[in-house]
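Colleague: Here's a structure for you.
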Amino acid sequence: MALNRKTLSGTALVVIAVLFVAVMLLVNVLFRGARVDLTQNHLYTLSDGTRNILGSIDEPINLYLFYSDKGTQSLPQLRAYATRVREMLQEMSARAGGKIKLEVIDPLPFSEDEDRATSFGLQSVPVSAAGDKVFLGLAGTNSTNGQASIPFLQPDKEAFLEYDVAKLIHELETPKKPVVGLLSSLPIAAGFDPQTRQMRQPWAVDQQWTQLFEMRPVNAENLKEIDKDISVLVVVHPKQLTDDAQYAIDQFVLRGGHLLAFVDPNAELDDSGADPNNPMAAMMADKSSDLPRLFKAWGIEYDPKKVVLDRARALPISVAEGQAPVRHPGILGLTDSDLNRDEVVSANLDTINVSSAGYFELSKDAKDAKLIPLLQTTSEAMSVGSDRLRMLADPSTLMSGYKAAGTPFVIAARLTGKFKTAFPERKGEGALAESKEEGQVVLVADTDILSDRLWVQIRPFFGQQIMNAFANNGDFAVNALDTLAGSSDLISIRGRATSQRPFGTVDALKRNADERFRAKEQELQKELSDTERKLTELQSAKSQDQAQILSPEQKAELDKFLKRKLEIRKELRQVRRQLDAEIESLGTRLKIVNIVLIPLLLTFAALAFAWWRAQRRRQAQGARA
């Protein structure tokens with residue numbers, strides 16, 4: 001009996017092992033590629049836009065991840081990010097149905113792989129004082145020998161990793177330059193200047209656009225329809241466009257075209273009203289622009305007679321030679337805190353300069369539209385009539401009667417939604433009443449943002465023009481057009497959460513401690529000021545002969561302050577010590593939970609389960625008996 005039981009037990013174990021292997025093989029076949037993302041922010045789940053781009057690949061694409069694995073042995077943070085990059089690329093390759101071939105290469109110094117990485121345009125960055133450099137870049141090729149690359153995958157741009165890689169794949173999939181139409185009443189592009197009777201140079205932003213896109217001029221006169229092969233339309237300073245021209249833009253957006261529109265309540269470079277015989281005519285001419293019917297249909301409120309002032313972002317300007325610069329609340333230097341860090345267009349920019357800009361609002365009855373700010377003022381801003389900026393000799397006069405609105409004004413925004421036509425009365429053949437898909441429009445309430453004077457210095461250098469940018473206006477214009485020129489799937493990919501998980505509780509403790517520390521410092525500074533004031537009052541009451549001698553009142557006041565200073569410094573040290581103690585206590589509690597409590601809970605759960613099974617076994621044996 002015992003031998004038979006042992007034989008049966010051994011046979012059962014073999015059968016169980018065979019069944020386990022068979023089940024694992026079956027699961028591996030049936031659920032190949034299946035993944036479960038249990039991270040809080042779904043870091044390893046590709047967005048719908050990325051999956052659509054991967055599913056539309058027709059020709060094979062080769063991706064090469066050049067990563068210095070051996071060179072980053074002492075850089076754990078960079079190695080962790082490289083693992084994140086490799087896992088995302090592997091996920092994309094698996095989702096592409098065999099159309100993406102991924103190769104991970106470790107370019108050792110002075111090797112052919114290093115030369116290959118350099119030929120792709122990848123950059124190595126120094127990581128030590130000895131000059132050691134590492135690669136972490138991505139290159140790709142398509143079947144027609146087209147190339148695209150990301151010189152270095154920066155860890156601080158992890159939130160846009162998926163977008164950058166998807167953009168590279170999209171460029172390899174569609175290597176032809178996107179066609180962009182330019183409708184402008186300002187002299188942005190190169191052309192003949194009738195006033196100087198010479199050829200004028202293009203603006204710097206137009207030179208950048210021309211390098212990346214196929215720019216095609218669009219004439220506003222007699223405009224009836226936007227060409228079908230234009231994917232993005234750039235409208236700059238649309239002054240008094242005819243209904244036919246606005247209708248052409250309306251239908252272009254409804255059929256899926258993307259629009260980048262720059263309007264302005266006071267375009268300072270608008271010289272349409274210039275008269276050589278009457279200089280005052282240009283100053284008094286209307287320099288505003290608007291798309292009234294389109295804005296109303298899209299649920300946008302914009303007043304072409306209002307500009308925004310912001311005393312917190314006012315830039316200093318020179319009003320006269322030999323005089324100190326004066327801050328102009330109508331010429332603003334927006335900082336990184338005024339830019340939307342969650343939007344690809346503005347995420348990695350630092351400074352944007354605007355001048356006499358307007359603002360946008362979403363009307364209350366706009367149901368389907370969504371206005372996402374890209375650039376906005378601070379809450380110290382206010383709006384005034386644009387006529388206040390005309391013939392302004394002293395910008396400081398704008399501060400007269402200044403009253404902050406308390407809320408920021410949106411200067412540039414991304415507008416999305418299923419738009420309805422602004423011309424419902426036009427019902428001819430092919431006329432669209434509503435967009436089939438979600439429309440994409442970027443609106444900017446300033447045209448001066450594109451002018452060279454606000455962001456770049458251009459200097460001749462041995463027959464060439466050298467551009468030295470001092471603001472990110474050009475980057476903003478290129479990013480906006482680059483994003484719109486991509487597919488709708490690419491536009492839908494937004495910044496993702498990063499894999500780095502900050503210690504929120506510790507950060508909160510530090511913030512609270514810093515607030516208490518600053519409060520104590522302010523208290524000390526206030527008492528110092530009060531003491532200095534009292535000492536000054538006592539000193540002024542003394543005669544000139546006794547000016548250098550401390551009176552008993554002064555000495556008592558000074559001793560009192562010094563004593564209080566020591567007490568406050570002691571309290572400041574106590575605040576810091578308390579912070580360290582709270583952080584250490586938090587760490588101790590976490591260690592107890594992770595090292596002691598969790599294992600104990602698992603142990604008790606296992607013992608309870610074993611006891612429950614033993615009880616059931618005894619009950620079953622008792623029932624058979």
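Note on naming: chains are A, B, ... as they come in the structure tokens, residues start from 1 per chain, ligands start from 1 in the order shown.
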Give me, as an MDAnalysis selection string, the residues of segment 166-235 of chain A that a backbone DSSP run labels strand (DSSP E or B).

Modeller: chainID A and resid 179:184 191:193 198:200 214:217 232:235

Colleague: Take the residues from that selection and put them in a file with N, CA and C atoms, as a PDB file, in the first residue's frame.

Modeller:
ATOM      1  N   VAL A 179       3.041  70.465 -46.410  1.00  0.00           N
ATOM      2  CA  VAL A 179       2.768  71.712 -47.115  1.00  0.00           C
ATOM      3  C   VAL A 179       2.013  72.647 -46.178  1.00  0.00           C
ATOM      4  N   VAL A 180       2.546  73.844 -45.996  1.00  0.00           N
ATOM      5  CA  VAL A 180       1.971  74.832 -45.088  1.00  0.00           C
ATOM      6  C   VAL A 180       1.631  76.083 -45.886  1.00  0.00           C
ATOM      7  N   GLY A 181       0.386  76.534 -45.778  1.00  0.00           N
ATOM      8  CA  GLY A 181      -0.023  77.771 -46.426  1.00  0.00           C
ATOM      9  C   GLY A 181       0.169  78.956 -45.501  1.00  0.00           C
ATOM     10  N   LEU A 182       0.649  80.080 -46.053  1.00  0.00           N
ATOM     11  CA  LEU A 182       0.898  81.288 -45.271  1.00  0.00           C
ATOM     12  C   LEU A 182       0.075  82.437 -45.842  1.00  0.00           C
ATOM     13  N   LEU A 183      -0.894  82.881 -45.054  1.00  0.00           N
ATOM     14  CA  LEU A 183      -1.725  84.038 -45.405  1.00  0.00           C
ATOM     15  C   LEU A 183      -1.383  85.149 -44.419  1.00  0.00           C
ATOM     16  N   SER A 184      -0.695  86.178 -44.900  1.00  0.00           N
ATOM     17  CA  SER A 184      -0.202  87.214 -43.996  1.00  0.00           C
ATOM     18  C   SER A 184      -0.321  88.583 -44.641  1.00  0.00           C
ATOM     19  N   GLY A 191      10.559  89.447 -50.174  1.00  0.00           N
ATOM     20  CA  GLY A 191       9.805  90.048 -51.265  1.00  0.00           C
ATOM     21  C   GLY A 191      10.303  91.440 -51.573  1.00  0.00           C
ATOM     22  N   PHE A 192       9.616  92.086 -52.469  1.00  0.00           N
ATOM     23  CA  PHE A 192      10.003  93.433 -52.897  1.00  0.00           C
ATOM     24  C   PHE A 192       9.315  94.472 -52.025  1.00  0.00           C
ATOM     25  N   ASP A 193      10.098  95.402 -51.502  1.00  0.00           N
ATOM     26  CA  ASP A 193       9.571  96.473 -50.664  1.00  0.00           C
ATOM     27  C   ASP A 193       9.369  97.711 -51.535  1.00  0.00           C
ATOM     28  N   GLN A 198      13.685  97.930 -52.820  1.00  0.00           N
ATOM     29  CA  GLN A 198      14.698  96.891 -52.701  1.00  0.00           C
ATOM     30  C   GLN A 198      14.044  95.610 -52.216  1.00  0.00           C
ATOM     31  N   MET A 199      14.770  94.495 -52.378  1.00  0.00           N
ATOM     32  CA  MET A 199      14.279  93.218 -51.862  1.00  0.00           C
ATOM     33  C   MET A 199      14.444  93.205 -50.351  1.00  0.00           C
ATOM     34  N   ARG A 200      13.397  92.818 -49.663  1.00  0.00           N
ATOM     35  CA  ARG A 200      13.453  92.763 -48.203  1.00  0.00           C
ATOM     36  C   ARG A 200      13.815  91.345 -47.755  1.00  0.00           C
ATOM     37  N   GLU A 214       7.310  72.977 -46.400  1.00  0.00           N
ATOM     38  CA  GLU A 214       7.133  73.560 -47.726  1.00  0.00           C
ATOM     39  C   GLU A 214       6.122  74.701 -47.598  1.00  0.00           C
ATOM     40  N   MET A 215       6.640  75.915 -47.475  1.00  0.00           N
ATOM     41  CA  MET A 215       5.788  77.082 -47.271  1.00  0.00           C
ATOM     42  C   MET A 215       5.221  77.547 -48.607  1.00  0.00           C
ATOM     43  N   ARG A 216       3.921  77.785 -48.625  1.00  0.00           N
ATOM     44  CA  ARG A 216       3.240  78.189 -49.849  1.00  0.00           C
ATOM     45  C   ARG A 216       2.406  79.435 -49.543  1.00  0.00           C
ATOM     46  N   PRO A 217       2.662  80.552 -50.241  1.00  0.00           N
ATOM     47  CA  PRO A 217       1.889  81.774 -49.972  1.00  0.00           C
ATOM     48  C   PRO A 217       0.431  81.626 -50.394  1.00  0.00           C
ATOM     49  N   VAL A 232      -1.638  72.537 -43.111  1.00  0.00           N
ATOM     50  CA  VAL A 232      -1.710  73.552 -42.053  1.00  0.00           C
ATOM     51  C   VAL A 232      -1.770  74.925 -42.714  1.00  0.00           C
ATOM     52  N   LEU A 233      -2.632  75.768 -42.200  1.00  0.00           N
ATOM     53  CA  LEU A 233      -2.739  77.145 -42.684  1.00  0.00           C
ATOM     54  C   LEU A 233      -2.303  78.091 -41.578  1.00  0.00           C
ATOM     55  N   VAL A 234      -1.337  78.951 -41.885  1.00  0.00           N
ATOM     56  CA  VAL A 234      -0.878  79.978 -40.949  1.00  0.00           C
ATOM     57  C   VAL A 234      -1.478  81.309 -41.390  1.00  0.00           C
ATOM     58  N   VAL A 235      -2.250  81.912 -40.516  1.00  0.00           N
ATOM     59  CA  VAL A 235      -2.878  83.205 -40.790  1.00  0.00           C
ATOM     60  C   VAL A 235      -2.274  84.233 -39.836  1.00  0.00           C
TER      61      VAL A 235
END

Colleague: For Leu294 of chain A, find every residue with an atom within 10 Å (counting only C-alpha atoms), except residues of its own chain fewer than 6 positions away, and show them as a PDB file with N, CA and C atoms, in the first residue's frame.

Modeller:
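Below you can see around21.pdb, which holds the result:
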ATOM      1  N   GLN A 246     -12.904  84.240 -45.177  1.00  0.00           N
ATOM      2  CA  GLN A 246     -13.193  83.583 -43.909  1.00  0.00           C
ATOM      3  C   GLN A 246     -13.932  82.267 -44.133  1.00  0.00           C
ATOM      4  N   TYR A 247     -14.766  82.226 -45.141  1.00  0.00           N
ATOM      5  CA  TYR A 247     -15.484  80.981 -45.450  1.00  0.00           C
ATOM      6  C   TYR A 247     -14.504  79.900 -45.930  1.00  0.00           C
ATOM      7  N   ILE A 249     -11.393  79.619 -44.967  1.00  0.00           N
ATOM      8  CA  ILE A 249     -10.720  79.131 -43.757  1.00  0.00           C
ATOM      9  C   ILE A 249     -11.663  78.239 -42.959  1.00  0.00           C
ATOM     10  N   ASP A 250     -12.919  78.639 -42.878  1.00  0.00           N
ATOM     11  CA  ASP A 250     -13.936  77.876 -42.150  1.00  0.00           C
ATOM     12  C   ASP A 250     -14.044  76.449 -42.702  1.00  0.00           C
ATOM     13  N   ILE A 300     -15.213  81.605 -29.193  1.00  0.00           N
ATOM     14  CA  ILE A 300     -14.075  82.375 -28.710  1.00  0.00           C
ATOM     15  C   ILE A 300     -14.465  83.833 -28.565  1.00  0.00           C
ATOM     16  N   PHE A 419     -16.162  71.666 -34.480  1.00  0.00           N
ATOM     17  CA  PHE A 419     -16.623  73.002 -34.804  1.00  0.00           C
ATOM     18  C   PHE A 419     -17.797  72.957 -35.787  1.00  0.00           C
ATOM     19  N   LYS A 420     -18.651  73.979 -35.667  1.00  0.00           N
ATOM     20  CA  LYS A 420     -19.733  74.187 -36.619  1.00  0.00           C
ATOM     21  C   LYS A 420     -19.390  75.358 -37.526  1.00  0.00           C
ATOM     22  N   THR A 421     -19.949  75.351 -38.701  1.00  0.00           N
ATOM     23  CA  THR A 421     -19.622  76.383 -39.666  1.00  0.00           C
ATOM     24  C   THR A 421     -20.082  77.753 -39.190  1.00  0.00           C
ATOM     25  N   ALA A 422     -19.303  78.766 -39.552  1.00  0.00           N
ATOM     26  CA  ALA A 422     -19.672  80.146 -39.263  1.00  0.00           C
ATOM     27  C   ALA A 422     -20.566  80.723 -40.353  1.00  0.00           C
ATOM     28  N   PHE A 423     -20.839  79.934 -41.395  1.00  0.00           N
ATOM     29  CA  PHE A 423     -21.647  80.396 -42.522  1.00  0.00           C
ATOM     30  C   PHE A 423     -22.749  79.374 -42.806  1.00  0.00           C
TER      31      PHE A 423
END

Colleague: Using only C-alpha atoms, determine which residues lie at most 10 Å from Thr118 of chain A, disregarding the query and same-chain residues fewer than 6 positions distant; provide the list as a VMD selection string.

Modeller: chain A and resid 107 112 124 135 151

Colleague: Generate a file of the selected residues that holds N, CA and C atoms, formatted as an mmCIF file, in the first residue's frame.

Modeller:
data_model
loop_
_atom_site.group_PDB
_atom_site.id
_atom_site.type_symbol
_atom_site.label_atom_id
_atom_site.label_comp_id
_atom_site.auth_asym_id
_atom_site.auth_seq_id
_atom_site.Cartn_x
_atom_site.Cartn_y
_atom_site.Cartn_z
ATOM 1 N N PRO A 107 27.956 51.859 -28.072
ATOM 2 C CA PRO A 107 29.075 52.412 -28.854
ATOM 3 C C PRO A 107 30.304 52.649 -27.983
ATOM 4 N N GLU A 112 33.679 51.276 -34.315
ATOM 5 C CA GLU A 112 32.875 51.580 -35.494
ATOM 6 C C GLU A 112 31.463 51.992 -35.098
ATOM 7 N N SER A 124 27.343 62.743 -27.906
ATOM 8 C CA SER A 124 27.810 62.170 -26.641
ATOM 9 C C SER A 124 27.985 63.302 -25.644
ATOM 10 N N PHE A 135 26.683 57.923 -24.730
ATOM 11 C CA PHE A 135 25.617 58.109 -25.700
ATOM 12 C C PHE A 135 24.303 57.607 -25.115
ATOM 13 N N PRO A 151 19.247 63.412 -30.998
ATOM 14 C CA PRO A 151 20.673 63.403 -30.620
ATOM 15 C C PRO A 151 20.942 62.869 -29.224
#

Colleague: Given only C-alpha atoms as the basis, pick out the residue of A:Gly417, A:Gly474, A:Pro178, A:Pro187 nearest to His237 of chain A.

Modeller: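 Among A:Gly417, A:Gly474, A:Pro178, A:Pro187, it is A:Pro187 that comes nearest to His237 of chain A.
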
Colleague: Using DSSP secondary structure from the backbone, list all helix (DSSP H, G or I) positions within segment 17-152 of chain A, as a compact mmCIF listing (two decimals) with N, CA and C atoms, in the first residue's frame.

Modeller:
# COMPACT_ATOMS: atom_id res chain seq x y z
N ALA A 17 3.55 18.49 -13.34
CA ALA A 17 4.63 19.23 -13.99
C ALA A 17 4.40 19.35 -15.48
N VAL A 18 3.99 18.22 -16.10
CA VAL A 18 3.72 18.24 -17.55
C VAL A 18 2.57 19.18 -17.86
N LEU A 19 1.51 19.11 -17.04
CA LEU A 19 0.37 20.00 -17.25
C LEU A 19 0.77 21.46 -17.09
N PHE A 20 1.64 21.75 -16.10
CA PHE A 20 2.08 23.13 -15.87
C PHE A 20 2.84 23.66 -17.08
N VAL A 21 3.76 22.84 -17.59
CA VAL A 21 4.52 23.26 -18.78
C VAL A 21 3.59 23.45 -19.96
N ALA A 22 2.62 22.52 -20.13
CA ALA A 22 1.69 22.64 -21.26
C ALA A 22 0.83 23.90 -21.15
N VAL A 23 0.36 24.18 -19.92
CA VAL A 23 -0.45 25.38 -19.72
C VAL A 23 0.37 26.64 -20.00
N MET A 24 1.64 26.68 -19.54
CA MET A 24 2.48 27.85 -19.76
C MET A 24 2.74 28.05 -21.25
N LEU A 25 2.97 26.95 -21.98
CA LEU A 25 3.17 27.07 -23.43
C LEU A 25 1.91 27.56 -24.12
N LEU A 26 0.77 27.06 -23.66
CA LEU A 26 -0.50 27.47 -24.26
C LEU A 26 -0.77 28.96 -23.97
N VAL A 27 -0.51 29.38 -22.74
CA VAL A 27 -0.70 30.79 -22.38
C VAL A 27 0.25 31.67 -23.19
N ASN A 28 1.50 31.20 -23.38
CA ASN A 28 2.48 31.97 -24.12
C ASN A 28 2.05 32.18 -25.57
N VAL A 29 1.36 31.17 -26.13
CA VAL A 29 0.89 31.27 -27.52
C VAL A 29 -0.37 32.13 -27.60
N LEU A 30 -1.33 31.86 -26.73
CA LEU A 30 -2.62 32.55 -26.81
C LEU A 30 -2.52 34.00 -26.37
N ASP A 48 -3.52 56.15 -27.46
CA ASP A 48 -4.23 55.73 -28.67
C ASP A 48 -3.58 56.31 -29.92
N GLY A 49 -3.09 57.56 -29.82
CA GLY A 49 -2.43 58.17 -30.98
C GLY A 49 -1.20 57.42 -31.40
N THR A 50 -0.38 56.98 -30.42
CA THR A 50 0.82 56.22 -30.75
C THR A 50 0.46 54.88 -31.38
N ARG A 51 -0.53 54.20 -30.84
CA ARG A 51 -0.94 52.91 -31.41
C ARG A 51 -1.46 53.07 -32.84
N ASN A 52 -2.16 54.17 -33.10
CA ASN A 52 -2.64 54.40 -34.46
C ASN A 52 -1.48 54.64 -35.42
N ILE A 53 -0.47 55.40 -34.97
CA ILE A 53 0.71 55.63 -35.81
C ILE A 53 1.44 54.33 -36.08
N LEU A 54 1.60 53.50 -35.07
CA LEU A 54 2.29 52.22 -35.25
C LEU A 54 1.49 51.29 -36.17
N GLY A 55 0.18 51.35 -36.07
CA GLY A 55 -0.65 50.49 -36.90
C GLY A 55 -0.71 50.90 -38.35
N LYS A 70 28.28 50.23 -20.76
CA LYS A 70 29.47 50.12 -19.91
C LYS A 70 29.91 51.48 -19.37
N GLY A 71 29.68 52.52 -20.12
CA GLY A 71 30.11 53.84 -19.70
C GLY A 71 29.24 54.47 -18.63
N THR A 72 28.09 53.87 -18.34
CA THR A 72 27.17 54.44 -17.34
C THR A 72 27.07 53.58 -16.10
N PRO A 76 23.59 55.61 -11.92
CA PRO A 76 22.36 54.84 -11.75
C PRO A 76 21.11 55.55 -12.28
N GLN A 77 21.06 56.87 -12.15
CA GLN A 77 19.87 57.60 -12.62
C GLN A 77 19.74 57.52 -14.14
N LEU A 78 20.88 57.68 -14.83
CA LEU A 78 20.85 57.60 -16.29
C LEU A 78 20.57 56.17 -16.75
N ARG A 79 21.07 55.19 -16.02
CA ARG A 79 20.82 53.79 -16.37
C ARG A 79 19.33 53.46 -16.20
N ALA A 80 18.74 53.98 -15.14
CA ALA A 80 17.31 53.74 -14.92
C ALA A 80 16.48 54.35 -16.06
N TYR A 81 16.87 55.54 -16.50
CA TYR A 81 16.14 56.17 -17.60
C TYR A 81 16.36 55.42 -18.91
N ALA A 82 17.57 54.94 -19.12
CA ALA A 82 17.84 54.16 -20.32
C ALA A 82 16.99 52.89 -20.36
N THR A 83 16.80 52.27 -19.22
CA THR A 83 15.91 51.11 -19.14
C THR A 83 14.49 51.50 -19.50
N ARG A 84 14.06 52.65 -19.02
CA ARG A 84 12.71 53.15 -19.36
C ARG A 84 12.58 53.36 -20.87
N VAL A 85 13.61 53.95 -21.50
CA VAL A 85 13.58 54.19 -22.94
C VAL A 85 13.54 52.87 -23.70
N ARG A 86 14.39 51.93 -23.29
CA ARG A 86 14.44 50.64 -23.99
C ARG A 86 13.11 49.89 -23.87
N GLU A 87 12.50 49.93 -22.71
CA GLU A 87 11.22 49.24 -22.53
C GLU A 87 10.12 49.87 -23.38
N MET A 88 10.12 51.21 -23.51
CA MET A 88 9.11 51.85 -24.36
C MET A 88 9.34 51.49 -25.81
N LEU A 89 10.59 51.48 -26.26
CA LEU A 89 10.89 51.11 -27.64
C LEU A 89 10.50 49.66 -27.91
N GLN A 90 10.74 48.79 -26.96
CA GLN A 90 10.34 47.38 -27.12
C GLN A 90 8.83 47.25 -27.19
N GLU A 91 8.12 48.05 -26.40
CA GLU A 91 6.67 48.03 -26.44
C GLU A 91 6.16 48.51 -27.79
N MET A 92 6.77 49.57 -28.34
CA MET A 92 6.38 50.06 -29.65
C MET A 92 6.68 49.04 -30.74
N SER A 93 7.83 48.41 -30.63
CA SER A 93 8.19 47.39 -31.62
C SER A 93 7.21 46.23 -31.60
N ALA A 94 6.78 45.83 -30.40
CA ALA A 94 5.83 44.72 -30.29
C ALA A 94 4.47 45.12 -30.85
N ARG A 95 4.11 46.39 -30.71
CA ARG A 95 2.80 46.86 -31.18
C ARG A 95 2.78 47.11 -32.67
N GLU A 112 33.68 51.28 -34.32
CA GLU A 112 32.88 51.58 -35.49
C GLU A 112 31.46 51.99 -35.10
N ASP A 113 30.96 51.43 -34.00
CA ASP A 113 29.62 51.82 -33.53
C ASP A 113 29.59 53.29 -33.12
N GLU A 114 30.69 53.77 -32.53
CA GLU A 114 30.75 55.17 -32.16
C GLU A 114 30.74 56.05 -33.40
N ASP A 115 31.49 55.65 -34.44
CA ASP A 115 31.48 56.41 -35.69
C ASP A 115 30.09 56.38 -36.32
N ARG A 116 29.42 55.25 -36.21
CA ARG A 116 28.07 55.13 -36.77
C ARG A 116 27.10 56.05 -36.05
N ALA A 117 27.21 56.10 -34.73
CA ALA A 117 26.33 56.99 -33.96
C ALA A 117 26.58 58.44 -34.35
N THR A 118 27.84 58.83 -34.53
CA THR A 118 28.16 60.19 -34.92
C THR A 118 27.63 60.51 -36.31
N SER A 119 27.68 59.53 -37.22
CA SER A 119 27.17 59.76 -38.58
C SER A 119 25.67 59.98 -38.59

Colleague: Check the smallest atom-to-atom distance from each of A:Ser128, A:Asn62, A:Ser231, A:Thr603 to Glu173 of chain A using only C-alpha atoms, then report the winner.

Modeller: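 So, comparing all the options, the nearest one is A:Asn62.
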
Colleague: Mind giving me the straight-line distance from atom CA of Leu161 of chain A to atom CA of Glu343 of chain A in Å, one decimal?

Modeller: 13.0 Å

Colleague: To one decimal place, how far is atom CA of Asn222 of chain A from atom CA of Ala245 of chain A in Å?

Modeller: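 Straight-line distance from atom CA of Asn222 of chain A to atom CA of Ala245 of chain A works out to 7.4 Å.
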
Colleague: Excluding Glu268 of chain A and residues on its chain fewer than 5 positions from it, collect all residues at most 9 Å away from it, counting only C-alpha atoms, and give them as an NGL selection string.

Modeller: :A and (287 or 355-356 or 447-448)

Colleague: Suppose we keep N, CA and C atoms; can you now write the selection as an mmCIF file, in the first residue's frame?

Modeller:
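Output saved as part-v3.cif:
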data_model
loop_
_atom_site.group_PDB
_atom_site.id
_atom_site.type_symbol
_atom_site.label_atom_id
_atom_site.label_comp_id
_atom_site.auth_asym_id
_atom_site.auth_seq_id
_atom_site.Cartn_x
_atom_site.Cartn_y
_atom_site.Cartn_z
ATOM 1 N N LYS A 287 -4.588 99.301 -36.458
ATOM 2 C CA LYS A 287 -3.609 98.225 -36.592
ATOM 3 C C LYS A 287 -4.096 96.930 -35.960
ATOM 4 N N SER A 355 4.241 91.907 -27.220
ATOM 5 C CA SER A 355 4.071 93.353 -27.144
ATOM 6 C C SER A 355 2.664 93.734 -27.565
ATOM 7 N N SER A 356 2.011 94.528 -26.764
ATOM 8 C CA SER A 356 0.634 94.997 -26.997
ATOM 9 C C SER A 356 -0.255 93.838 -27.428
ATOM 10 N N THR A 447 0.875 89.471 -32.940
ATOM 11 C CA THR A 447 1.699 89.228 -34.129
ATOM 12 C C THR A 447 3.133 89.675 -33.911
ATOM 13 N N ASP A 448 3.346 90.596 -32.970
ATOM 14 C CA ASP A 448 4.702 91.068 -32.693
ATOM 15 C C ASP A 448 5.579 89.961 -32.124
#

Colleague: Can you list, as a PDB file with N, CA and C atoms, in the first residue's frame, every protein, DNA or RNA residue that comes within 10 Å of Leu415 of chain A when you count only C-alpha atoms, leaving out same-chain residues fewer than 5 positions away?

Modeller:
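What ended up in selection_36.pdb:
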ATOM      1  N   LEU A 259      -5.149  74.910 -38.186  1.00  0.00           N
ATOM      2  CA  LEU A 259      -4.993  76.357 -38.330  1.00  0.00           C
ATOM      3  C   LEU A 259      -4.118  76.914 -37.217  1.00  0.00           C
ATOM      4  N   TRP A 298     -16.813  79.444 -33.134  1.00  0.00           N
ATOM      5  CA  TRP A 298     -16.017  78.494 -32.348  1.00  0.00           C
ATOM      6  C   TRP A 298     -16.150  78.730 -30.846  1.00  0.00           C
ATOM      7  N   GLY A 299     -16.881  79.744 -30.445  1.00  0.00           N
ATOM      8  CA  GLY A 299     -17.046  80.010 -29.010  1.00  0.00           C
ATOM      9  C   GLY A 299     -15.896  80.768 -28.395  1.00  0.00           C
ATOM     10  N   ILE A 300     -15.213  81.605 -29.193  1.00  0.00           N
ATOM     11  CA  ILE A 300     -14.075  82.375 -28.710  1.00  0.00           C
ATOM     12  C   ILE A 300     -14.465  83.833 -28.565  1.00  0.00           C
ATOM     13  N   LEU A 362     -13.113  81.761 -23.479  1.00  0.00           N
ATOM     14  CA  LEU A 362     -14.111  80.841 -24.016  1.00  0.00           C
ATOM     15  C   LEU A 362     -15.488  81.343 -23.607  1.00  0.00           C
ATOM     16  N   ALA A 369     -16.354  73.099 -27.490  1.00  0.00           N
ATOM     17  CA  ALA A 369     -14.980  73.584 -27.628  1.00  0.00           C
ATOM     18  C   ALA A 369     -14.245  73.547 -26.288  1.00  0.00           C
ATOM     19  N   LYS A 370     -12.936  73.404 -26.386  1.00  0.00           N
ATOM     20  CA  LYS A 370     -12.067  73.385 -25.208  1.00  0.00           C
ATOM     21  C   LYS A 370     -10.863  74.281 -25.486  1.00  0.00           C
ATOM     22  N   LEU A 371     -10.641  75.268 -24.631  1.00  0.00           N
ATOM     23  CA  LEU A 371      -9.546  76.216 -24.786  1.00  0.00           C
ATOM     24  C   LEU A 371      -8.458  75.894 -23.765  1.00  0.00           C
ATOM     25  N   ILE A 372      -7.302  75.457 -24.259  1.00  0.00           N
ATOM     26  CA  ILE A 372      -6.188  75.058 -23.395  1.00  0.00           C
ATOM     27  C   ILE A 372      -5.104  76.129 -23.476  1.00  0.00           C
ATOM     28  N   PRO A 373      -4.838  76.874 -22.389  1.00  0.00           N
ATOM     29  CA  PRO A 373      -3.839  77.945 -22.438  1.00  0.00           C
ATOM     30  C   PRO A 373      -2.444  77.420 -22.754  1.00  0.00           C
ATOM     31  N   GLU A 438     -12.474  65.928 -34.431  1.00  0.00           N
ATOM     32  CA  GLU A 438     -12.117  67.042 -33.550  1.00  0.00           C
ATOM     33  C   GLU A 438     -11.129  67.957 -34.244  1.00  0.00           C
ATOM     34  N   GLY A 439     -11.464  69.241 -34.323  1.00  0.00           N
ATOM     35  CA  GLY A 439     -10.591  70.211 -34.972  1.00  0.00           C
ATOM     36  C   GLY A 439      -9.443  70.634 -34.078  1.00  0.00           C
ATOM     37  N   GLN A 440      -8.366  71.117 -34.719  1.00  0.00           N
ATOM     38  CA  GLN A 440      -7.178  71.554 -34.000  1.00  0.00           C
ATOM     39  C   GLN A 440      -6.797  72.945 -34.482  1.00  0.00           C
ATOM     40  N   VAL A 441      -6.862  73.926 -33.593  1.00  0.00           N
ATOM     41  CA  VAL A 441      -6.531  75.307 -33.913  1.00  0.00           C
ATOM     42  C   VAL A 441      -5.658  75.865 -32.792  1.00  0.00           C
ATOM     43  N   VAL A 442      -4.589  76.559 -33.177  1.00  0.00           N
ATOM     44  CA  VAL A 442      -3.753  77.269 -32.200  1.00  0.00           C
ATOM     45  C   VAL A 442      -3.940  78.759 -32.454  1.00  0.00           C
ATOM     46  N   LEU A 443      -4.323  79.485 -31.410  1.00  0.00           N
ATOM     47  CA  LEU A 443      -4.613  80.918 -31.501  1.00  0.00           C
ATOM     48  C   LEU A 443      -3.592  81.706 -30.692  1.00  0.00           C
TER      49      LEU A 443
END

Colleague: Set the distance at 7 Å and use only C-alpha atoms: which residues neighbour Gly140 of chain A once local chain neighbours fewer than 2 positions away are removed? I'd like the list as a PyMOL selection string.

Modeller: chain A and resi 61-64+138+142+147-149

Colleague: Can you work out which one of A:Phe262, A:Phe66, A:Phe360, A:Phe120 has the shortest atom-to-atom distance to Ser185 of chain A, counting only C-alpha atoms?

Modeller: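 Closest candidate: A:Phe262.
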